[in-house]
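Below is final_10.csv, which holds CSV, C-alpha atoms.
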```csv
chain,number,residue,atom,x,y,z
A,21,MET,CA,0.0,0.0,0.0
A,22,LYS,CA,2.9,2.3,0.7
A,23,GLY,CA,3.9,2.0,-2.9
A,24,LEU,CA,0.6,3.3,-4.0
A,25,TRP,CA,0.9,6.4,-1.8
A,26,PHE,CA,4.4,7.0,-3.1
A,27,ALA,CA,3.2,6.9,-6.7
A,28,ILE,CA,0.2,9.2,-5.9
A,29,ALA,CA,2.6,11.7,-4.2
A,30,LEU,CA,4.7,11.7,-7.4
A,31,LEU,CA,1.6,12.2,-9.5
A,32,VAL,CA,0.6,15.2,-7.4
A,33,ALA,CA,4.1,16.6,-7.8
A,34,VAL,CA,3.8,16.3,-11.5
A,35,MET,CA,0.4,18.0,-11.5
A,36,ALA,CA,1.8,20.8,-9.3
A,37,THR,CA,4.3,21.7,-11.9
A,38,GLY,CA,1.5,22.4,-14.3
A,39,VAL,CA,-0.4,24.5,-11.7
A,40,CYS,CA,2.6,26.6,-10.9
A,41,GLN,CA,3.4,27.3,-14.6
A,42,ALA,CA,-0.2,28.3,-15.3
A,43,GLY,CA,-0.4,31.0,-12.7
A,44,GLU,CA,1.9,33.4,-14.5
A,45,ASP,CA,-0.6,35.6,-16.1
A,46,ALA,CA,-4.3,36.4,-16.2
A,47,LEU,CA,-6.7,34.5,-18.4
A,48,HIS,CA,-8.8,36.1,-21.1
A,49,ILE,CA,-12.5,35.4,-20.5
A,50,SER,CA,-14.7,36.5,-23.4
A,51,VAL,CA,-18.5,36.5,-23.7
A,52,VAL,CA,-19.5,36.9,-27.3
A,53,GLY,CA,-23.1,37.5,-28.4
A,54,ASP,CA,-25.9,39.6,-29.7
A,55,ARG,CA,-26.7,42.6,-27.5
A,56,SER,CA,-30.4,41.9,-27.8
A,57,ASP,CA,-30.1,38.2,-27.0
A,58,VAL,CA,-31.5,37.3,-23.6
A,59,GLN,CA,-29.1,34.5,-23.0
A,60,TYR,CA,-26.1,36.8,-23.7
A,61,ARG,CA,-27.4,39.4,-21.3
A,62,GLN,CA,-28.0,36.7,-18.7
A,63,LEU,CA,-24.4,35.4,-19.1
A,64,THR,CA,-22.8,38.8,-18.8
A,65,ALA,CA,-24.9,39.6,-15.7
A,66,TRP,CA,-23.7,36.4,-14.1
A,67,LEU,CA,-20.0,37.0,-15.0
A,68,ARG,CA,-20.0,40.6,-13.9
A,69,LEU,CA,-20.9,39.6,-10.4
A,70,ASN,CA,-18.2,37.0,-10.2
A,71,ASP,CA,-15.1,38.4,-8.4
A,72,ARG,CA,-12.8,35.7,-9.7
A,73,VAL,CA,-13.9,36.4,-13.3
A,74,GLN,CA,-13.4,40.1,-12.9
A,75,LYS,CA,-9.9,39.6,-11.7
A,76,GLN,CA,-9.0,38.1,-15.1
A,77,LYS,CA,-9.1,39.9,-18.4
A,78,TYR,CA,-12.8,40.0,-19.0
A,79,HIS,CA,-14.3,40.9,-22.4
A,80,GLU,CA,-17.9,41.4,-23.5
A,81,ILE,CA,-18.0,41.3,-27.2
A,82,THR,CA,-21.2,42.2,-29.1
A,83,THR,CA,-21.9,41.3,-32.7
A,84,ASP,CA,-22.3,44.9,-33.8
A,85,THR,CA,-18.6,45.8,-33.0
A,86,VAL,CA,-15.7,45.9,-35.4
A,87,ILE,CA,-13.6,43.8,-33.0
A,88,TYR,CA,-16.3,41.0,-33.3
A,89,LYS,CA,-16.2,41.1,-37.1
A,90,GLU,CA,-12.5,41.2,-37.3
A,91,ARG,CA,-11.4,38.9,-34.5
A,92,TYR,CA,-14.3,36.7,-33.3
A,93,ALA,CA,-16.7,36.1,-36.2
A,94,PRO,CA,-14.2,33.8,-38.1
A,95,ASN,CA,-13.6,31.5,-35.1
A,96,VAL,CA,-16.8,31.6,-33.0
A,97,LYS,CA,-18.9,28.4,-33.6
A,98,GLY,CA,-22.2,29.8,-32.2
A,99,LEU,CA,-23.8,32.5,-30.2
A,100,PRO,CA,-23.6,33.3,-27.4
A,101,THR,CA,-20.2,31.9,-26.7
A,102,VAL,CA,-18.2,31.8,-23.5
A,103,ARG,CA,-14.5,31.3,-24.1
A,104,ILE,CA,-11.5,31.2,-21.8
A,105,GLN,CA,-8.0,31.6,-23.2
A,106,GLN,CA,-4.6,31.5,-21.7
A,107,PRO,CA,-2.4,34.5,-22.3
A,108,ASP,CA,-0.8,32.7,-25.4
A,109,GLY,CA,-4.3,32.4,-27.0
A,110,VAL,CA,-4.8,28.7,-26.2
A,111,VAL,CA,-8.5,28.0,-25.6
A,112,ILE,CA,-9.1,26.0,-22.5
A,113,TYR,CA,-12.9,26.4,-22.4
A,114,GLU,CA,-15.4,27.2,-25.1
A,115,LYS,CA,-19.1,26.6,-25.1
A,116,PHE,CA,-21.9,28.2,-27.0
A,117,GLY,CA,-25.7,28.3,-27.2
A,118,SER,CA,-27.4,25.3,-25.7
A,119,GLN,CA,-24.1,23.8,-24.5
A,120,LEU,CA,-23.9,26.5,-21.9
A,121,PRO,CA,-25.1,25.7,-18.4
A,122,THR,CA,-28.4,27.3,-17.5
A,123,THR,CA,-27.6,28.5,-14.1
A,124,ALA,CA,-24.9,30.9,-12.8
A,125,SER,CA,-23.5,28.3,-10.4
A,126,GLY,CA,-23.4,25.7,-13.1
A,127,LEU,CA,-21.5,28.1,-15.4
A,128,HIS,CA,-19.0,29.0,-12.7
A,129,GLU,CA,-18.5,25.4,-11.8
A,130,ASP,CA,-18.0,24.4,-15.5
A,131,MET,CA,-15.4,27.2,-16.0
A,132,LYS,CA,-13.6,26.3,-12.8
A,133,ILE,CA,-13.3,22.7,-13.8
A,134,ALA,CA,-12.0,23.6,-17.2
A,135,VAL,CA,-9.4,26.0,-15.8
A,136,LEU,CA,-8.3,23.4,-13.2
A,137,ALA,CA,-8.1,20.7,-15.8
A,138,SER,CA,-5.9,22.9,-18.0
A,139,GLN,CA,-3.6,23.6,-15.1
A,140,ILE,CA,-3.3,19.9,-14.1
A,141,PHE,CA,-2.9,18.6,-17.6
A,142,PRO,CA,-1.2,21.6,-19.4
A,143,TRP,CA,-0.9,19.6,-22.6
A,144,ARG,CA,-4.6,19.0,-22.7
A,145,LYS,CA,-6.2,22.0,-24.4
A,146,ASN,CA,-9.3,22.4,-26.5
A,147,GLY,CA,-7.2,24.4,-28.9
A,148,ALA,CA,-4.7,21.6,-29.6
A,149,ARG,CA,-5.3,21.3,-33.4
A,150,PRO,CA,-1.9,20.4,-34.9
A,151,LEU,CA,-3.1,20.3,-38.5
A,152,ARG,CA,-4.7,23.7,-38.3
A,153,ASP,CA,-1.6,25.1,-36.6
A,154,LYS,CA,0.7,23.7,-39.3
A,155,LEU,CA,-1.6,25.1,-42.0
A,156,LYS,CA,-1.4,28.5,-40.2
A,157,GLN,CA,2.3,28.4,-40.3
A,158,CYS,CA,2.4,27.5,-44.0
A,159,CYS,CA,-0.2,30.0,-45.3
A,160,PRO,CA,-1.1,32.7,-42.8
A,161,LEU,CA,-4.2,34.3,-44.4
A,162,ARG,CA,-3.9,37.4,-42.3
A,163,ARG,CA,-0.4,38.1,-43.5
A,164,GLN,CA,-1.5,37.7,-47.1
A,165,GLN,CA,-4.2,40.2,-46.5
A,166,GLN,CA,-1.7,42.6,-45.1
A,167,GLU,CA,0.5,42.2,-48.2
A,168,ALA,CA,-2.5,42.7,-50.5
A,169,GLU,CA,-3.3,46.1,-49.0
A,170,PRO,CA,-2.3,49.1,-51.2
A,171,GLU,CA,1.0,50.8,-50.7
A,172,PRO,CA,0.7,54.3,-49.0
A,173,GLU,CA,1.7,57.2,-51.2
A,174,GLU,CA,4.6,58.2,-49.0
A,175,THR,CA,7.0,56.0,-47.3
A,176,VAL,CA,8.7,56.7,-44.0
A,177,GLU,CA,12.5,56.9,-44.0
A,178,GLU,CA,14.2,53.6,-43.4
A,179,GLU,CA,11.0,51.8,-42.8
A,180,SER,CA,10.0,48.7,-44.7
A,181,VAL,CA,6.9,46.8,-45.3
A,182,LEU,CA,5.9,44.6,-42.4
A,183,VAL,CA,7.9,41.3,-42.6
A,184,PRO,CA,6.9,39.1,-39.7
A,185,PRO,CA,9.8,37.8,-37.7
A,186,PRO,CA,10.4,34.1,-37.8
A,187,LEU,CA,8.2,32.3,-35.4
A,188,PRO,CA,9.9,31.3,-32.2
A,189,GLU,CA,10.6,27.7,-32.0
A,190,GLU,CA,8.2,26.0,-29.6
A,191,PRO,CA,10.2,24.8,-26.6
A,192,TYR,CA,9.9,21.1,-26.6
A,193,PRO,CA,8.3,20.1,-23.3
A,194,GLY,CA,11.0,17.6,-22.6
A,195,TRP,CA,11.3,18.4,-19.0
A,196,ARG,CA,7.6,17.6,-18.5
A,197,ILE,CA,7.9,14.3,-20.2
A,198,LEU,CA,11.0,13.6,-18.3
A,199,ILE,CA,9.3,14.2,-15.0
A,200,CYS,CA,6.4,11.9,-16.0
A,201,ALA,CA,8.8,9.2,-17.2
A,202,LEU,CA,10.9,9.5,-14.0
A,203,ALA,CA,7.7,9.5,-11.9
A,204,ALA,CA,6.6,6.3,-13.7
A,205,LEU,CA,10.0,4.7,-13.3
A,206,VAL,CA,10.4,5.6,-9.6
A,207,GLY,CA,6.8,4.5,-8.9
A,208,ALA,CA,7.5,1.2,-10.6
A,209,LEU,CA,10.8,0.6,-8.8
A,210,GLY,CA,9.3,1.7,-5.5
A,211,GLY,CA,6.3,-0.6,-6.0
A,212,ALA,CA,8.4,-3.5,-7.1
A,213,ILE,CA,10.8,-3.1,-4.2
A,214,TRP,CA,7.9,-2.8,-1.8
A,215,GLN,CA,6.3,-5.9,-3.2
A,216,ALA,CA,9.5,-7.8,-3.0
A,217,VAL,CA,10.1,-6.8,0.6
A,218,THR,CA,6.5,-7.7,1.5
A,219,MET,CA,6.8,-11.1,-0.2
A,220,TYR,CA,10.1,-11.8,1.5
A,221,GLN,CA,8.7,-10.9,4.9
A,222,GLU,CA,5.6,-13.1,4.3
A,223,LYS,CA,7.9,-16.0,3.5
B,181,MET,CA,-6.2,-7.1,-5.1
B,182,LYS,CA,-3.8,-4.8,-3.3
B,183,ARG,CA,-1.0,-6.0,-5.5
B,184,LEU,CA,-2.9,-4.6,-8.5
B,185,PHE,CA,-2.8,-1.1,-7.3
B,186,VAL,CA,0.9,-0.4,-7.9
B,187,PRO,CA,1.0,-1.8,-11.4
B,188,LEU,CA,-2.2,0.2,-12.2
B,189,VAL,CA,-0.7,3.4,-11.0
B,190,VAL,CA,2.5,2.8,-12.9
B,191,ILE,CA,0.4,2.1,-16.1
B,192,ALA,CA,-1.6,5.3,-15.5
B,193,LEU,CA,1.6,7.3,-15.1
B,194,ALA,CA,3.1,5.8,-18.2
B,195,ALA,CA,-0.1,6.6,-20.1
B,196,ILE,CA,0.2,10.2,-19.0
B,197,ALA,CA,3.8,10.3,-20.1
B,198,ILE,CA,2.9,8.9,-23.5
B,199,ASP,CA,0.0,11.3,-23.8
B,200,ALA,CA,2.3,14.2,-23.1
B,201,ASP,CA,4.7,12.9,-25.7
B,202,LEU,CA,2.0,12.6,-28.4
B,203,ASN,CA,0.5,15.9,-27.7
B,204,SER,CA,3.8,17.8,-27.5
B,205,TYR,CA,3.6,18.0,-31.3
B,206,ALA,CA,0.3,19.8,-31.0
B,207,LYS,CA,1.8,22.5,-28.8
B,208,VAL,CA,2.9,24.8,-31.6
B,209,TYR,CA,0.9,27.9,-31.1
B,210,PRO,CA,2.2,30.7,-33.3
B,211,SER,CA,1.7,33.9,-31.4
B,212,GLU,CA,-0.2,36.6,-33.0
B,213,PHE,CA,1.8,39.1,-35.0
B,214,PRO,CA,2.1,41.9,-34.2
B,215,ILE,CA,1.0,41.4,-30.6
B,216,VAL,CA,-1.1,44.5,-30.6
B,217,ASN,CA,-2.9,43.7,-33.8
B,218,VAL,CA,-5.3,46.6,-34.0
B,219,PRO,CA,-7.9,46.0,-36.7
B,220,THR,CA,-7.7,48.4,-39.6
B,221,LYS,CA,-11.1,49.9,-38.9
B,222,LEU,CA,-10.1,50.7,-35.3
B,223,ARG,CA,-7.0,52.6,-36.2
B,224,GLN,CA,-7.3,56.3,-35.8
B,225,ARG,CA,-5.8,58.5,-38.5
B,226,ASN,CA,-4.1,61.7,-37.5
B,227,TRP,CA,-6.2,64.9,-37.9
B,228,ILE,CA,-5.6,68.6,-38.0
B,229,ARG,CA,-7.0,70.9,-35.3
B,230,GLY,CA,-6.8,74.6,-35.6
B,231,ALA,CA,-3.6,75.6,-37.4
B,232,PRO,CA,-2.7,73.6,-40.6
B,233,ASN,CA,0.4,72.0,-39.0
B,234,ASN,CA,-1.3,71.3,-35.7
B,235,GLY,CA,-1.6,67.5,-35.9
B,236,SER,CA,-3.2,65.3,-33.2
B,237,CYS,CA,-0.7,62.4,-33.4
B,238,LEU,CA,-0.6,61.9,-29.6
B,239,TRP,CA,-4.4,61.7,-29.4
B,240,ALA,CA,-4.7,59.6,-32.5
B,241,SER,CA,-2.2,57.0,-31.1
B,242,THR,CA,-4.0,57.0,-27.8
B,243,ILE,CA,-7.4,56.5,-29.5
B,244,SER,CA,-6.2,53.5,-31.5
B,245,LEU,CA,-5.0,51.8,-28.3
B,246,LEU,CA,-8.2,52.7,-26.4
B,247,ARG,CA,-10.2,51.0,-29.1
B,248,TRP,CA,-7.9,48.0,-29.0
B,249,GLN,CA,-8.6,47.9,-25.3
B,250,GLU,CA,-12.4,48.0,-25.9
B,251,GLN,CA,-12.8,51.5,-24.6
B,252,TYR,CA,-14.9,52.8,-27.5
B,253,ALA,CA,-16.9,55.4,-25.6
B,254,LEU,CA,-13.8,57.0,-24.1
B,255,ALA,CA,-12.0,56.9,-27.5
B,256,ASP,CA,-15.0,58.6,-29.2
B,257,ARG,CA,-15.2,61.2,-26.6
B,258,ILE,CA,-11.5,62.0,-27.0
B,259,ARG,CA,-11.9,62.1,-30.8
B,260,LEU,CA,-14.7,64.7,-30.5
B,261,THR,CA,-13.3,66.9,-27.7
B,262,ARG,CA,-9.5,66.8,-28.0
B,263,GLY,CA,-6.9,67.4,-30.6
B,264,GLY,CA,-3.9,69.4,-31.6
B,265,GLY,CA,-0.4,69.1,-30.6
B,266,GLU,CA,0.5,68.3,-27.0
B,267,GLN,CA,3.6,68.2,-24.9
B,268,PRO,CA,4.0,64.9,-23.0
B,269,SER,CA,3.9,66.7,-19.7
B,270,GLN,CA,0.7,68.5,-20.5
B,271,PHE,CA,-0.7,65.4,-22.0
B,272,SER,CA,-0.1,63.5,-18.7
B,273,LYS,CA,-2.0,66.1,-16.8
B,274,ARG,CA,-4.9,65.8,-19.2
B,275,LEU,CA,-5.0,62.0,-18.8
B,276,TYR,CA,-5.1,62.4,-15.0
B,277,ALA,CA,-7.8,65.0,-15.3
B,278,ALA,CA,-9.8,62.6,-17.5
B,279,ASN,CA,-9.3,59.9,-14.9
B,280,MET,CA,-7.9,57.5,-17.5
B,281,ARG,CA,-6.2,54.4,-16.2
B,282,HIS,CA,-2.7,54.6,-17.6
B,283,VAL,CA,1.0,54.4,-16.8
B,284,ALA,CA,3.6,56.8,-18.2
B,285,HIS,CA,7.3,56.4,-18.4
B,286,ALA,CA,10.0,59.1,-19.3
B,287,LYS,CA,13.3,57.3,-18.7
B,288,GLY,CA,13.8,55.6,-22.0
B,289,ASN,CA,13.9,52.1,-20.6
B,290,ALA,CA,13.2,49.5,-23.2
B,291,ALA,CA,11.9,47.1,-20.6
B,292,PHE,CA,8.9,49.3,-20.2
B,293,LEU,CA,8.1,49.0,-23.9
B,294,GLU,CA,8.7,45.2,-23.8
B,295,TRP,CA,6.3,44.9,-20.9
B,296,SER,CA,3.7,46.9,-22.7
B,297,CYS,CA,3.8,44.6,-25.7
B,298,LEU,CA,4.0,41.4,-23.8
B,299,THR,CA,0.9,42.3,-21.9
B,300,ARG,CA,-0.8,43.2,-25.2
B,301,HIS,CA,-1.5,46.8,-24.1
B,302,GLY,CA,0.8,48.5,-26.7
B,303,ALA,CA,2.3,51.9,-26.0
B,304,VAL,CA,2.2,55.5,-27.3
B,305,VAL,CA,5.8,56.6,-27.9
B,306,VAL,CA,7.3,59.9,-29.0
B,307,ILE,CA,9.8,59.9,-31.8
B,308,LYS,CA,11.4,62.4,-34.2
B,309,ASN,CA,12.8,64.7,-31.5
B,310,GLY,CA,9.4,64.9,-29.9
B,311,GLU,CA,7.7,66.1,-33.0
B,312,HIS,CA,5.7,63.0,-33.6
B,313,ALA,CA,3.9,60.3,-31.6
B,314,VAL,CA,3.1,56.7,-32.9
B,315,THR,CA,1.8,53.5,-31.4
B,316,LEU,CA,4.2,50.7,-30.6
B,317,VAL,CA,2.5,47.4,-31.5
B,318,ASP,CA,5.4,45.0,-31.1
B,319,LEU,CA,9.0,45.0,-30.0
B,320,THR,CA,11.2,42.0,-30.8
B,321,ALA,CA,14.9,41.4,-30.3
B,322,GLU,CA,15.6,42.7,-33.8
B,323,ALA,CA,12.8,45.1,-34.7
B,324,ALA,CA,10.1,47.5,-33.5
B,325,TYR,CA,6.7,47.6,-35.2
B,326,LEU,CA,4.9,50.8,-35.3
B,327,LEU,CA,1.4,52.0,-36.2
B,328,ASP,CA,2.0,55.5,-37.6
B,329,ASN,CA,-1.2,57.5,-37.4
B,330,ASN,CA,-0.2,59.3,-40.6
B,331,TYR,CA,-0.2,56.0,-42.5
B,332,PRO,CA,-2.5,53.8,-40.4
B,333,GLU,CA,-3.1,51.3,-43.3
B,334,LYS,CA,0.0,49.3,-42.4
B,335,PHE,CA,2.3,48.5,-39.6
B,336,ARG,CA,5.8,49.7,-40.1
B,337,GLU,CA,9.0,47.8,-39.3
B,338,ILE,CA,12.0,49.6,-38.0
B,339,SER,CA,15.2,48.2,-36.5
B,340,ARG,CA,15.0,47.9,-32.7
B,341,ASP,CA,18.2,49.8,-32.2
B,342,LYS,CA,17.3,52.7,-34.5
B,343,PHE,CA,13.8,52.9,-32.9
B,344,LEU,CA,15.2,52.9,-29.3
B,345,ARG,CA,17.8,55.5,-30.2
B,346,GLU,CA,15.2,57.7,-31.8
B,347,TRP,CA,12.8,57.3,-28.9
B,348,ARG,CA,15.5,58.1,-26.3
B,349,GLU,CA,16.6,61.2,-28.3
B,350,ALA,CA,13.0,62.3,-28.2
B,351,GLY,CA,13.0,62.1,-24.5
B,352,GLY,CA,12.2,58.4,-23.9
B,353,TRP,CA,8.6,59.1,-23.1
B,354,ALA,CA,5.9,56.4,-23.4
B,355,PHE,CA,2.4,56.1,-22.2
B,356,VAL,CA,0.2,52.9,-21.9
B,357,PRO,CA,-3.6,52.9,-21.3
B,358,LEU,CA,-4.3,50.2,-18.8
B,359,TYR,CA,-7.6,48.6,-19.7
B,360,ASN,CA,-8.2,45.0,-20.9
B,361,PRO,CA,-6.5,44.5,-24.3
B,362,ALA,CA,-8.3,42.4,-26.9
B,363,SER,CA,-8.0,38.7,-26.3
B,364,PRO,CA,-5.5,36.8,-28.4
B,365,LEU,CA,-6.7,34.9,-31.5
B,366,PRO,CA,-7.4,31.3,-30.6
```
Can the structure in the file be given as structure tokens, please?
Amino acid sequence: MKGLWFAIALLVAVMATGVCQAGEDALHISVVGDRSDVQYRQLTAWLRLNDRVQKQKYHEITTDTVIYKERYAPNVKGLPTVRIQQPDGVVIYEKFGSQLPTTASGLHEDMKIAVLASQIFPWRKNGARPLRDKLKQCCPLRRQQQEAEPEPEETVEEESVLVPPPLPEEPYPGWRILICALAALVGALGGAIWQAVTMYQEK
Amino acid sequence: MKRLFVPLVVIALAAIAIDADLNSYAKVYPSEFPIVNVPTKLRQRNWIRGAPNNGSCLWASTISLLRWQEQYALADRIRLTRGGGEQPSQFSKRLYAANMRHVAHAKGNAAFLEWSCLTRHGAVVVIKNGEHAVTLVDLTAEAAYLLDNNYPEKFREISRDKFLREWREAGGWAFVPLYNPASPLP
């Protein structure tokens, strides 16, 4: 039984690394919807009263704004939407329309679980879509649009047309895998030794 | 039954490790570029107020950032009621009078600008010996990206060293409105 507790302690330690890393910056919580939609107004009323939500970067986005048309319309699946993103843009919670809980406490609980899950399992994100990300890297539509815009009549001295810098290489999360692998190894060894000792004592 | 616990835990841990390995390839999230990616329609073009050469670059840069930070009413109010050239010291007083949440810096420290970009707020910076103000939308190790209110159609790239030198020569003054910047693209 001690082997089990030992392994559980290691698992908790692995989880804690994710929790500590996630606490570096505030989350973006966005509520997107039609200003006249009753469900949208209900959601915003709930979230405005939630202190924990208000401590994060909270956004109310209505469909009649430019920011909605430019930044939300292309990626929102339905209205109203509640979305939680990490500072790097990774979506850790997104629900819309009838998927959303029908009570304030239900919504808060739902969001809390999603945030906790993302902290415990930092590699588990709703936004993990490798194919889409690879396509984005190959043919970023937004950059093409930028390039297609007409040149201004005058150019500013020593300035050049926007050329995006190379994307930073994603740090390979080797340390996290290493910790998991070590935890598994130590857990297995600890368990095996404990079993051997127990069996020897029984004999 | 007890003997099954340890192998089960070991299997679970191994599964997590494998899961981490498989998903590590999905962890490539290209960050938005530039960080303060103000939509074209929200960018405020410079305007003349009073004398023909009395531009409103400081106000225009501020308005673009306020719209990026979803303060549309405040931005519209400034557009209607303010304008014309301003000295940074006078401008700061007006910001305090307007009760605008902001932070200003006048020591030419690049770390302040880096912070403003990393937090997605952006910054209004003074260049050209204090004659012009623009919006800093990104600052990398090699380059600075500016939104010039005289040419708001495109972001401009300038080498980091040149930009910092010019900024410091102009007094090293910068100002950051402190509201919630737009969320990153998913």
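Distance annotation: of B:Leu358, B:Val216, B:Ile243, B:Ala350, the residue with the minimal separation from Lys287 in chain B is B:Ala350; atom set is all atoms listed in the file.
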Could you check how far CA of Gly211 in chain A sits from CA of Ile191 in chain B, in Å to one decimal? 12.0 Å
What does the distance from CA of Ile197 in chain A to CA of Leu188 in chain B come to in Å, to one decimal?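 Spanning CA of Ile197 in chain A to CA of Leu188 in chain B is a straight-line distance of 19.1 Å.
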Shell of 10 Å around Pro357 in chain B, all atoms listed in the file, local chain residues under 5 positions omitted, as a PyMOL selection string: chain B and resi 242-243+245-246+249+251+275+280-284+296+301-304
Name the closest residue to Thr83 in chain A among the candidates A:Val135, A:Ile213, A:Val96, A:Ala208; distances are taken between atoms, counting only C-alpha atoms. A:Val96
Out of A:Ser50, A:Pro100, A:Gln59, A:Ala134, which residue has the shortest atom-to-atom distance to chain B when counting all atoms listed in the file?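 Looking only at the distances to chain B, the closest residue turns out to be A:Ser50.
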For CA of Arg247 in chain B and CA of Tyr359 in chain B, the interatomic separation in Å (one decimal): 10.0 Å
With all atoms listed in the file as the basis for distance, which of B:Asn329, B:Thr299, B:Asn279, B:Gln270 is at the shortest distance from chain A? B:Thr299
From the list B:Ile307, B:Ala290, B:Leu326, B:Ala313, the nearest residue to chain A using only C-alpha atoms is B:Leu326
Proximity to chain B - best of A:Tyr88, A:Tyr78, A:Tyr220, A:Tyr60, only C-alpha atoms: A:Tyr78
Skipping near chain neighbours, those fewer than 5 positions away, what residues fall within 9 Å of Ile258 in chain B using only C-alpha atoms, listed as a PDB file with C-alpha atoms, in the frame of the given file?
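Listing of result02.pdb after writing:
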```pdb
ATOM      1  CA  TRP B 239      -4.400  61.700 -29.400  1.00  0.00           C
ATOM      2  CA  ILE B 243      -7.400  56.500 -29.500  1.00  0.00           C
ATOM      3  CA  ALA B 253     -16.900  55.400 -25.600  1.00  0.00           C
ATOM      4  CA  GLY B 263      -6.900  67.400 -30.600  1.00  0.00           C
TER       5      GLY B 263
END
```
Kindly reconstruct range 240-255 of chain B with N, CA and C atoms and present the result as a CSV table (one decimal), in the frame of the given file.
```
chain,number,residue,atom,x,y,z
B,240,ALA,N,-4.4,60.6,-31.5
B,240,ALA,CA,-4.7,59.6,-32.5
B,240,ALA,C,-4.1,58.2,-32.1
B,241,SER,N,-2.9,58.3,-31.6
B,241,SER,CA,-2.2,57.0,-31.1
B,241,SER,C,-3.0,56.5,-29.9
B,242,THR,N,-3.3,57.4,-29.0
B,242,THR,CA,-4.0,57.0,-27.8
B,242,THR,C,-5.4,56.4,-28.2
B,243,ILE,N,-6.1,57.0,-29.1
B,243,ILE,CA,-7.4,56.5,-29.5
B,243,ILE,C,-7.3,55.1,-30.1
B,244,SER,N,-6.3,54.8,-30.9
B,244,SER,CA,-6.2,53.5,-31.5
B,244,SER,C,-6.0,52.4,-30.4
B,245,LEU,N,-5.2,52.8,-29.4
B,245,LEU,CA,-5.0,51.8,-28.3
B,245,LEU,C,-6.2,51.7,-27.4
B,246,LEU,N,-6.9,52.8,-27.2
B,246,LEU,CA,-8.2,52.7,-26.4
B,246,LEU,C,-9.2,51.8,-27.1
B,247,ARG,N,-9.3,51.9,-28.4
B,247,ARG,CA,-10.2,51.0,-29.1
B,247,ARG,C,-9.7,49.5,-29.0
B,248,TRP,N,-8.4,49.3,-29.1
B,248,TRP,CA,-7.9,48.0,-29.0
B,248,TRP,C,-8.2,47.4,-27.6
B,249,GLN,N,-8.3,48.3,-26.6
B,249,GLN,CA,-8.6,47.9,-25.3
B,249,GLN,C,-10.1,48.0,-24.9
B,250,GLU,N,-10.9,48.1,-26.0
B,250,GLU,CA,-12.4,48.0,-25.9
B,250,GLU,C,-13.0,49.2,-25.1
B,251,GLN,N,-12.3,50.3,-25.2
B,251,GLN,CA,-12.8,51.5,-24.6
B,251,GLN,C,-13.4,52.5,-25.6
B,252,TYR,N,-14.4,52.0,-26.3
B,252,TYR,CA,-14.9,52.8,-27.5
B,252,TYR,C,-15.5,54.1,-27.1
B,253,ALA,N,-16.3,54.2,-26.0
B,253,ALA,CA,-16.9,55.4,-25.6
B,253,ALA,C,-15.9,56.5,-25.3
B,254,LEU,N,-14.9,56.1,-24.5
B,254,LEU,CA,-13.8,57.0,-24.1
B,254,LEU,C,-13.0,57.5,-25.4
B,255,ALA,N,-12.8,56.5,-26.3
B,255,ALA,CA,-12.0,56.9,-27.5
B,255,ALA,C,-12.8,57.9,-28.3
```
